[in-house]
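Trainee: Compact mmCIF, C-alpha atoms and all ligand atoms, file data25.txt:
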# COMPACT_ATOMS: atom_id res chain seq x y z
CA MET A 1 228.29 9.87 111.00
CA PHE A 2 227.44 7.36 108.35
CA GLY A 3 224.55 9.38 107.05
CA ILE A 4 222.58 12.08 108.70
CA THR A 5 219.71 9.84 109.71
CA ARG A 6 222.05 7.10 110.80
CA SER A 7 224.43 9.09 112.97
CA GLY A 8 223.21 7.50 116.17
CA ARG A 9 224.18 4.13 114.88
CA LEU A 10 227.90 4.66 114.60
CA ALA A 11 228.73 2.98 117.89
CA ALA A 12 226.66 -0.06 117.03
CA THR A 13 228.19 0.01 113.62
CA ALA A 14 231.72 0.05 114.95
CA THR A 15 230.90 -3.02 117.02
CA ALA A 16 229.34 -4.70 114.03
CA LEU A 17 232.40 -3.90 112.01
CA ALA A 18 234.79 -5.26 114.60
CA LEU A 19 232.79 -8.47 114.68
CA GLY A 20 232.60 -8.55 110.91
CA VAL A 21 236.32 -8.18 110.51
CA ALA A 22 236.91 -10.91 113.05
CA LEU A 23 234.56 -13.21 111.16
CA ALA A 24 236.11 -12.31 107.84
CA ALA A 25 239.50 -13.20 109.20
CA THR A 26 238.35 -16.75 109.81
CA GLY A 27 237.43 -17.35 106.18
CA CYS A 28 234.66 -16.72 103.71
CA SER A 29 231.97 -19.01 104.98
CA SER A 30 230.17 -19.16 108.27
CA PRO A 31 230.50 -22.25 110.42
CA GLY A 32 226.92 -23.13 109.57
CA SER A 33 227.16 -22.44 105.87
CA GLY A 34 226.43 -25.33 103.63
CA THR A 35 225.47 -25.92 100.08
CA GLY A 36 222.19 -24.07 100.15
CA GLY A 37 219.07 -26.17 100.46
CA ASN A 38 216.11 -25.35 102.58
CA ALA A 39 217.14 -23.64 105.78
CA GLU A 40 215.05 -24.25 108.83
CA GLY A 41 214.63 -21.82 111.65
CA GLY A 42 213.95 -18.06 111.85
CA GLY A 43 210.97 -17.78 109.58
CA GLY A 44 209.26 -21.08 110.29
CA ASP A 45 209.47 -23.11 107.09
CA ALA A 46 210.86 -20.18 105.05
CA ASN A 47 213.94 -21.01 103.00
CA LEU A 48 216.49 -18.72 104.61
CA ALA A 49 219.52 -20.09 102.74
CA ILE A 50 221.15 -16.93 101.36
CA THR A 51 224.12 -16.82 99.02
CA PHE A 52 226.30 -13.71 98.68
CA LEU A 53 227.98 -13.19 95.30
CA PRO A 54 230.44 -10.25 95.25
CA LYS A 55 231.97 -8.78 92.07
CA ASN A 56 235.08 -10.80 92.88
CA LEU A 57 236.66 -12.58 95.82
CA GLY A 58 239.75 -11.27 97.59
CA ASN A 59 238.56 -7.67 97.83
CA PRO A 60 238.55 -6.43 101.46
CA TYR A 61 235.52 -4.25 100.71
CA PHE A 62 233.43 -7.32 99.92
CA ASP A 63 234.97 -9.28 102.79
CA THR A 64 233.57 -6.60 105.08
CA SER A 65 230.18 -6.24 103.37
CA ASN A 66 229.68 -9.98 103.28
CA SER A 67 230.65 -10.38 106.92
CA GLY A 68 227.85 -7.90 107.66
CA GLY A 69 225.51 -10.15 105.69
CA GLU A 70 226.73 -13.19 107.55
CA LYS A 71 226.13 -11.49 110.89
CA ALA A 72 222.54 -10.64 109.93
CA ILE A 73 221.87 -14.17 108.67
CA GLU A 74 223.17 -15.65 111.91
CA GLU A 75 220.89 -13.29 113.82
CA PHE A 76 217.78 -14.49 112.04
CA GLY A 77 218.78 -18.15 111.89
CA GLY A 78 219.41 -18.64 108.18
CA THR A 79 222.42 -20.10 106.42
CA PHE A 80 225.07 -17.93 104.78
CA GLU A 81 227.25 -18.85 101.87
CA GLU A 82 229.68 -16.73 99.86
CA VAL A 83 230.77 -17.65 96.34
CA GLY A 84 232.32 -15.65 93.53
CA PRO A 85 234.82 -15.35 90.71
CA THR A 86 238.40 -14.22 91.09
CA GLU A 87 238.04 -11.71 88.24
CA ALA A 88 235.49 -8.91 88.16
CA SER A 89 234.46 -9.55 84.55
CA PRO A 90 230.94 -9.17 83.08
CA THR A 91 229.99 -12.83 82.70
CA ALA A 92 232.15 -14.39 85.42
CA GLN A 93 229.20 -14.39 87.85
CA VAL A 94 226.79 -16.32 85.60
CA SER A 95 227.83 -19.85 86.63
CA TYR A 96 227.52 -18.94 90.32
CA ILE A 97 223.98 -17.71 89.76
CA GLN A 98 223.09 -20.94 87.98
CA THR A 99 224.56 -23.05 90.77
CA ALA A 100 222.71 -21.12 93.46
CA ALA A 101 219.45 -21.63 91.55
CA GLN A 102 220.12 -25.36 91.19
CA GLN A 103 220.80 -25.56 94.91
CA GLY A 104 217.43 -23.98 95.57
CA VAL A 105 218.63 -21.16 97.80
CA GLY A 106 216.02 -18.74 99.13
CA ALA A 107 217.87 -15.65 97.94
CA LEU A 108 220.92 -14.48 96.09
CA VAL A 109 222.57 -11.20 97.13
CA LEU A 110 224.97 -9.90 94.51
CA SER A 111 227.01 -6.92 93.36
CA ALA A 112 226.72 -6.92 89.57
CA ASN A 113 229.69 -6.59 87.24
CA ASP A 114 227.36 -5.69 84.37
CA PRO A 115 223.81 -4.33 84.16
CA GLU A 116 222.66 -6.76 81.41
CA ALA A 117 224.94 -9.77 81.22
CA LEU A 118 223.49 -11.47 84.30
CA CYS A 119 219.83 -10.93 83.48
CA ASP A 120 219.08 -14.25 81.74
CA SER A 121 220.57 -16.31 84.53
CA LEU A 122 218.88 -14.16 87.17
CA GLU A 123 215.57 -14.56 85.39
CA GLU A 124 215.97 -18.33 85.50
CA ALA A 125 216.84 -18.19 89.19
CA ARG A 126 213.79 -16.06 89.90
CA SER A 127 211.51 -18.41 88.06
CA ALA A 128 212.89 -21.13 90.36
CA ASP A 129 211.68 -19.00 93.28
CA VAL A 130 215.04 -17.50 94.24
CA LYS A 131 214.69 -13.89 95.44
CA VAL A 132 217.33 -11.63 93.91
CA VAL A 133 218.77 -8.70 95.82
CA THR A 134 221.51 -6.58 94.28
CA PHE A 135 223.69 -4.48 96.53
CA ASP A 136 226.63 -2.13 95.84
CA SER A 137 226.26 -2.44 92.02
CA ASP A 138 222.86 -2.96 90.42
CA THR A 139 221.61 -4.81 87.38
CA ASN A 140 218.86 -3.33 85.26
CA PRO A 141 215.94 -2.95 87.67
CA GLU A 142 213.75 -5.58 85.96
CA CYS A 143 216.39 -8.26 86.58
CA ARG A 144 216.15 -8.26 90.38
CA ASP A 145 213.66 -7.78 93.22
CA LEU A 146 215.53 -5.09 95.16
CA PHE A 147 218.69 -2.98 94.96
CA ILE A 148 220.32 -2.01 98.25
CA ASN A 149 222.07 1.24 97.42
CA GLN A 150 224.89 2.42 99.65
CA ALA A 151 224.15 6.12 98.98
CA THR A 152 222.67 8.00 96.04
CA ALA A 153 224.82 8.12 92.92
CA GLU A 154 224.61 11.88 93.10
CA GLY A 155 225.79 11.98 96.72
CA ILE A 156 228.71 9.63 95.97
CA ALA A 157 229.74 11.60 92.87
CA LEU A 158 229.50 15.00 94.55
CA ALA A 159 231.51 13.90 97.55
CA GLN A 160 234.40 12.89 95.29
CA VAL A 161 234.24 15.96 93.06
CA ASP A 162 234.18 18.21 96.13
CA LEU A 163 237.19 16.41 97.58
CA ILE A 164 239.33 16.66 94.45
CA ALA A 165 238.30 20.28 93.81
CA GLU A 166 239.36 21.20 97.32
CA GLN A 167 242.63 19.32 97.02
CA ILE A 168 243.75 20.87 93.70
CA GLY A 169 242.44 24.42 94.17
CA ASP A 170 239.51 23.81 91.81
CA ALA A 171 241.69 23.94 88.68
CA GLY A 172 243.79 21.65 86.48
CA GLN A 173 243.77 18.23 84.87
CA VAL A 174 242.28 15.23 86.62
CA ALA A 175 241.80 11.58 85.64
CA ILE A 176 239.56 8.81 86.93
CA LEU A 177 240.88 5.33 87.73
CA SER A 178 237.78 3.14 87.77
CA ALA A 179 237.14 -0.58 88.33
CA SER A 180 235.79 -2.64 85.42
CA ALA A 181 234.38 -0.85 82.41
CA ASN A 182 230.86 -2.36 82.66
CA ALA A 183 230.29 -1.96 86.39
CA THR A 184 226.88 -0.34 86.89
CA ASN A 185 227.84 1.51 90.05
CA GLN A 186 231.11 2.91 88.69
CA ASN A 187 229.51 4.11 85.47
CA ALA A 188 226.64 5.84 87.24
CA TRP A 189 229.07 7.68 89.51
CA ILE A 190 231.42 8.62 86.65
CA GLU A 191 228.56 10.02 84.61
CA MET A 192 227.46 12.20 87.51
CA MET A 193 231.01 13.33 88.20
CA GLU A 194 231.37 14.37 84.56
CA GLU A 195 228.14 16.37 84.80
CA GLU A 196 229.25 18.02 88.01
CA PHE A 197 232.65 19.01 86.58
CA ALA A 198 230.95 20.50 83.53
CA ALA A 199 228.33 22.37 85.54
CA ASN A 200 230.30 23.71 88.48
CA HIS A 201 234.04 23.33 87.94
CA PRO A 202 234.92 25.01 84.65
CA ASP A 203 238.66 25.05 85.39
CA ILE A 204 238.95 21.35 86.03
CA GLU A 205 239.59 19.23 82.95
CA LEU A 206 238.81 15.52 83.11
CA VAL A 207 241.43 14.14 80.72
CA GLU A 208 240.73 10.39 80.82
CA VAL A 209 238.90 7.55 82.53
CA VAL A 210 241.00 4.37 82.81
CA TYR A 211 240.04 0.94 84.14
CA GLY A 212 242.02 -1.14 86.62
CA ASP A 213 239.37 -3.92 86.68
CA ASP A 214 239.39 -4.04 90.48
CA ASP A 215 242.72 -5.81 90.13
CA ASP A 216 245.56 -4.46 92.26
CA GLN A 217 248.38 -4.81 89.72
CA THR A 218 246.35 -3.52 86.78
CA SER A 219 245.27 -0.50 88.84
CA PHE A 220 248.88 0.13 89.90
CA ASP A 221 250.08 -0.01 86.29
CA LYS A 222 247.26 2.23 85.05
CA THR A 223 248.24 4.81 87.67
CA ALA A 224 251.85 4.80 86.45
CA ALA A 225 250.66 5.17 82.85
CA LEU A 226 248.39 8.11 83.68
CA LEU A 227 251.22 9.99 85.36
CA GLN A 228 253.48 9.43 82.37
CA THR A 229 250.88 10.40 79.82
CA TYR A 230 249.75 13.58 81.58
CA PRO A 231 252.74 15.41 83.08
CA GLU A 232 250.45 18.25 84.12
CA LEU A 233 248.04 15.97 85.97
CA LYS A 234 246.88 17.55 89.26
CA GLY A 235 244.72 14.80 90.64
CA ILE A 236 243.29 11.29 90.37
CA ILE A 237 239.87 10.15 91.54
CA SER A 238 239.54 6.42 92.06
CA PRO A 239 235.96 5.47 92.97
CA THR A 240 237.00 1.91 93.84
CA THR A 241 238.63 0.60 96.99
CA VAL A 242 241.01 -1.58 94.97
CA GLY A 243 241.99 1.26 92.63
CA ILE A 244 242.56 3.95 95.25
CA ALA A 245 244.74 1.66 97.38
CA ALA A 246 246.88 0.64 94.38
CA ALA A 247 247.18 4.24 93.19
CA ALA A 248 248.17 5.37 96.68
CA ARG A 249 250.83 2.70 96.86
CA TYR A 250 252.28 3.86 93.56
CA LEU A 251 252.20 7.55 94.49
CA SER A 252 253.61 7.02 97.97
CA THR A 253 257.07 6.04 96.71
CA SER A 254 257.09 8.21 93.59
CA GLU A 255 258.16 11.74 92.81
CA TYR A 256 254.46 12.64 92.57
CA LYS A 257 253.73 12.06 96.25
CA GLY A 258 252.16 15.19 97.70
CA LYS A 259 252.12 16.81 94.24
CA VAL A 260 249.40 14.83 92.53
CA ALA A 261 246.28 14.60 94.69
CA LEU A 262 244.45 11.30 95.07
CA THR A 263 240.94 10.79 96.38
CA GLY A 264 237.95 8.54 95.75
CA LEU A 265 236.41 5.63 97.64
CA GLY A 266 238.59 3.58 99.96
CA THR A 267 238.49 1.48 103.09
CA PRO A 268 240.13 3.03 106.17
CA ASN A 269 242.35 -0.02 106.80
CA GLN A 270 243.71 -0.02 103.26
CA MET A 271 244.21 3.76 103.20
CA ARG A 272 245.49 4.41 106.73
CA GLU A 273 249.20 4.36 105.92
CA TYR A 274 248.69 6.71 102.97
CA ILE A 275 246.76 9.20 105.07
CA GLU A 276 249.48 9.00 107.70
CA ASP A 277 252.35 9.46 105.22
CA GLY A 278 250.64 12.37 103.46
CA THR A 279 250.01 10.68 100.09
CA VAL A 280 246.27 11.16 100.54
CA THR A 281 244.45 13.80 102.58
CA ALA A 282 240.83 12.63 102.41
CA PHE A 283 238.64 10.02 100.74
CA ALA A 284 235.09 8.76 101.13
CA LEU A 285 233.08 5.57 101.59
CA TRP A 286 230.05 4.23 103.44
CA ASN A 287 229.87 1.37 105.86
CA PRO A 288 230.23 -1.85 103.83
CA ALA A 289 229.27 -4.09 106.77
CA ASP A 290 226.00 -2.22 107.19
CA LEU A 291 225.36 -2.56 103.47
CA GLY A 292 225.69 -6.35 103.58
CA TYR A 293 223.70 -6.52 106.80
CA LEU A 294 220.84 -4.51 105.30
CA ALA A 295 220.90 -6.60 102.10
CA ALA A 296 220.57 -9.81 104.12
CA TYR A 297 217.55 -8.49 106.05
CA ALA A 298 215.98 -7.32 102.79
CA ALA A 299 216.45 -10.83 101.37
CA LYS A 300 214.79 -12.29 104.45
CA ALA A 301 211.80 -9.94 104.12
CA LEU A 302 211.39 -10.99 100.47
CA ILE A 303 211.72 -14.71 101.23
CA GLU A 304 209.15 -14.50 104.00
CA GLY A 305 206.77 -12.59 101.75
CA GLU A 306 206.74 -9.60 104.11
CA ILE A 307 207.62 -7.39 101.12
CA THR A 308 207.57 -7.84 97.35
CA GLY A 309 209.85 -4.93 96.41
CA GLU A 310 207.07 -2.43 95.71
CA ALA A 311 207.68 1.25 96.50
CA GLY A 312 206.36 1.93 99.99
CA ASP A 313 207.05 -1.59 101.31
CA SER A 314 208.88 -1.46 104.62
CA PHE A 315 210.85 -3.97 106.63
CA GLU A 316 212.93 -4.23 109.74
CA ALA A 317 216.71 -4.67 109.42
CA GLY A 318 217.84 -5.77 112.89
CA GLU A 319 219.97 -3.20 114.67
CA LEU A 320 219.78 -0.80 111.70
CA GLY A 321 216.07 -0.26 112.25
CA ASP A 322 213.30 0.15 109.68
CA PHE A 323 213.78 0.79 105.97
CA GLU A 324 211.38 1.65 103.19
CA VAL A 325 211.56 0.57 99.57
CA GLY A 326 211.70 3.53 97.18
CA GLU A 327 211.05 3.87 93.45
CA ASP A 328 212.41 1.11 91.18
CA GLY A 329 212.85 -1.21 94.14
CA VAL A 330 215.74 0.75 95.64
CA VAL A 331 216.51 0.77 99.38
CA LEU A 332 218.94 3.47 100.47
CA LEU A 333 221.47 2.86 103.24
CA GLY A 334 222.56 6.45 103.93
CA ASP A 335 225.12 9.06 102.93
CA PRO A 336 228.80 8.70 102.07
CA PHE A 337 231.27 9.57 104.80
CA VAL A 338 234.61 11.39 104.46
CA PHE A 339 237.71 9.95 106.15
CA ASN A 340 240.78 12.07 106.91
CA LYS A 341 243.71 12.35 109.32
CA GLU A 342 241.45 13.55 112.11
CA ASN A 343 239.00 10.65 112.12
CA ILE A 344 240.63 7.63 110.45
CA ALA A 345 241.87 6.15 113.73
CA GLU A 346 238.26 5.60 114.79
CA PHE A 347 237.62 3.03 112.08
CA ASP A 348 238.70 -0.54 111.65
CA PHE A 349 237.55 -2.15 108.44
C1 LIG B 1 235.29 -1.66 95.02
C2 LIG B 1 234.19 -2.19 94.14
C3 LIG B 1 232.83 -1.81 94.68
C4 LIG B 1 232.75 -0.35 95.03
C5 LIG B 1 233.82 0.00 96.01
C6 LIG B 1 233.81 1.46 96.37
O1 LIG B 1 235.47 -2.46 96.14
O2 LIG B 1 234.36 -1.68 92.85
O3 LIG B 1 231.84 -2.15 93.74
O4 LIG B 1 231.51 -0.02 95.57
O5 LIG B 1 235.08 -0.32 95.42
Once you've parsed the file, please lay out its structure as structure tokens.
Ligand code: RAM
Mentor:
Amino acid sequence: MFGITRSGRLAATATALALGVALAATGCSSPGSGTGGNAEGGGGDANLAITFLPKNLGNPYFDTSNSGGEKAIEEFGGTFEEVGPTEASPTAQVSYIQTAAQQGVGALVLSANDPEALCDSLEEARSADVKVVTFDSDTNPECRDLFINQATAEGIALAQVDLIAEQIGDAGQVAILSASANATNQNAWIEMMEEEFAANHPDIELVEVVYGDDDDQTSFDKTAALLQTYPELKGIISPTTVGIAAAARYLSTSEYKGKVALTGLGTPNQMREYIEDGTVTAFALWNPADLGYLAAYAAKALIEGEITGEAGDSFEAGELGDFEVGEDGVVLLGDPFVFNKENIAEFDF
């Protein structure tokens, strides 16, 4: 179940994911994707040219989320494009925002590497009538029209704290291997994890938060360094799909395999071998394809003027059904989901 209220959708979701993965395998852009411009179709004369801008390219998480967006955009007859930097750094997304605005796209859907650094360029895009939807990682709320949140920060943080506490007997040193230091989503989750450790896990000591920048090699090296620096370390939480996969790869061939616990947020395809070989027992995530799909439908509703992003606005998101906009322009996808040896075979993304 990807969320209590969404449990009935898992079958549809699995199909969507299979399709998404197949599309992703063929490349980043859809056959119909172009350079933006005014899309015809779906909403009459509405400009349904939608550009997806992930934190960085080459991350399977965003390949899956963006393939969900592409699927939605094909459904409603818009044009999909994906652009993005190779490095997940704070200002690397600015030039892509400027280009999308110059192209006159109807909407930009992005996962922000920084809450502030993109705001000037987003403001310019919005004044050129580009709707701005953040998903996965938000900007400051005033810099965009909507944020499509995968799950509440509290829910995501608690899931990971519960997992590590269970895996290390609720006592000992733990460290966090995060993505980039400015990422809005990572920092919100880390702050809530710190609060939860302090409030309910007095015997767990969080010794350090390190940053692998959503880069595989950096994350791998940071894992090695943590294990050297803290010989008593009992566990690592990596709330990033890039980080947890790199850390698992390091642990799997090291003396720490099975001794130092690893959990966090991962994709089933990247983590499968480490669940099977016993390096990792359980980790969490949501459905990235659904997240991209929902973000695309939210962009469409904004472009067509069906919603403005006010609390209480509601819109239809294809096979995911109806969604309502909450406070601060946030739309919630669902709850995080825990993957383990028993269920991982059911997922393919
Ligand atoms: C990485 C990115 C992304 C995050 C996931 C869990 O792919 O950092 O922003 O949501 O992990």
Trainee: Any chance you could work out the axis-aligned box around ligand LIG 1 (chain B), listed atoms only, 6 Å on each side, giving centre and edge lengths in Å to one decimal, as JSON?
Mentor:
{"center_x": 233.5, "center_y": -0.5, "center_z": 94.6, "size_x": 16.0, "size_y": 15.9, "size_z": 15.5}
Trainee: Distance atom CA of Ile237 of chain A-atom CA of Leu177 of chain A, one decimal place?
Mentor: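 For atom CA of Ile237 of chain A relative to atom CA of Leu177 of chain A, the distance reads 6.2 Å.
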Trainee: Any residue with an atom at most 10 Å from ligand LIG 1 (chain B) counts, using only C-alpha atoms and all ligand atoms. Which are they? Put them as a PyMOL selection string.
Mentor: chain A and resi 54-56+58-63+65+88+111-113+135-138+149-150+156+178-180+183-186+212-215+238-244+264-267+284-286+288
Trainee: So which one's closest to Val132 of chain A, A:Glu75, A:Asp114, A:Asp145, A:Glu191? Using only C-alpha atoms, please.
Mentor: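 Of A:Glu75, A:Asp114, A:Asp145, A:Glu191, the one nearest Val132 of chain A is A:Asp145, counting only C-alpha atoms.
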Trainee: Let me make sure I understand: among A:Glu154, A:Tyr293, A:Ala107, A:Val331, which one has the smallest atom-to-atom distance to Gly312 of chain A if we use only C-alpha atoms?
Mentor: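 The closest residue to Gly312 of chain A is A:Val331.
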Trainee: Using only C-alpha atoms, which of the listed residues (A:Thr86, A:Asn287, A:Thr99, A:Gln228) sits closest to Phe349 of chain A?
Mentor: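 When distances to Phe349 of chain A are compared using only C-alpha atoms, the smallest one comes from A:Asn287.
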Trainee: Select all residues near (231.0, -17.7, 95.9) (cut-off 10 Å, inclusive, file coordinates), counting only C-alpha atoms, and output them as a PyMOL selection string.
Mentor: chain A and resi 28-29+51-57+81-86+93+96-97+99-100+110
Trainee: In file coordinates, which residues lie within 12 Å of (254.5, 13.4, 95.1) using all atoms listed in the file, given as a PyMOL selection string?
Mentor: chain A and resi 227+233-235+247-262+274+277-280
Trainee: Any idea what the distance is between atom CA of Ala171 of chain A and atom CA of Ala198 of chain A?
Mentor: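 Separating atom CA of Ala171 of chain A from atom CA of Ala198 of chain A is a distance of 12.4 Å.
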Trainee: Have a look at A:Val161, A:Ser95, A:Glu319, A:Leu108 and name the one nearest to Thr79 of chain A; count all atoms listed in the file.
Mentor: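 Checking each of A:Val161, A:Ser95, A:Glu319, A:Leu108 against Thr79 of chain A, counting all atoms listed in the file, the winner is A:Leu108.
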Trainee: Please report the interatomic distance between atom CA of Ile303 of chain A and atom CA of Ala49 of chain A in Å with one decimal.
Mentor: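 A separation of 9.6 Å between them.
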Trainee: Out of A:Asp328, A:Asp221, A:Thr152, A:Asp170, which residue has the shortest atom-to-atom distance to Thr139 of chain A when counting all atoms listed in the file?
Mentor: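 Answer, going by the shortest atom-to-atom distance: A:Asp328.
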Trainee: Please identify all polymer residues within 9 Å of Ile73 of chain A, counting all atoms listed in the file, omitting same-chain residues fewer than 2 positions from it, and present them as a list of chain:residue names.
Mentor: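 Answer for this query is A:Leu48, A:Ala49, A:Ile50, A:Gly68, A:Gly69, A:Glu70, A:Lys71, A:Glu75, A:Phe76, A:Gly77, A:Gly78, A:Thr79, A:Phe80, A:Tyr293, A:Ala296, A:Tyr297, A:Lys300.
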Trainee: Using all atoms listed in the file, determine which residues lie at most 10 Å from Gly155 of chain A, disregarding the query and same-chain residues fewer than 6 positions distant; provide the list as a ChimeraX atom specification.
Mentor: /A:189,192,334-336
Trainee: With only C-alpha atoms as the counted atoms, please give the residues lying no more than 9 Å from Asp129 of chain A, apart from itself and same-chain residues fewer than 6 positions off, as a PyMOL selection string.
Mentor: chain A and resi 101+104-107
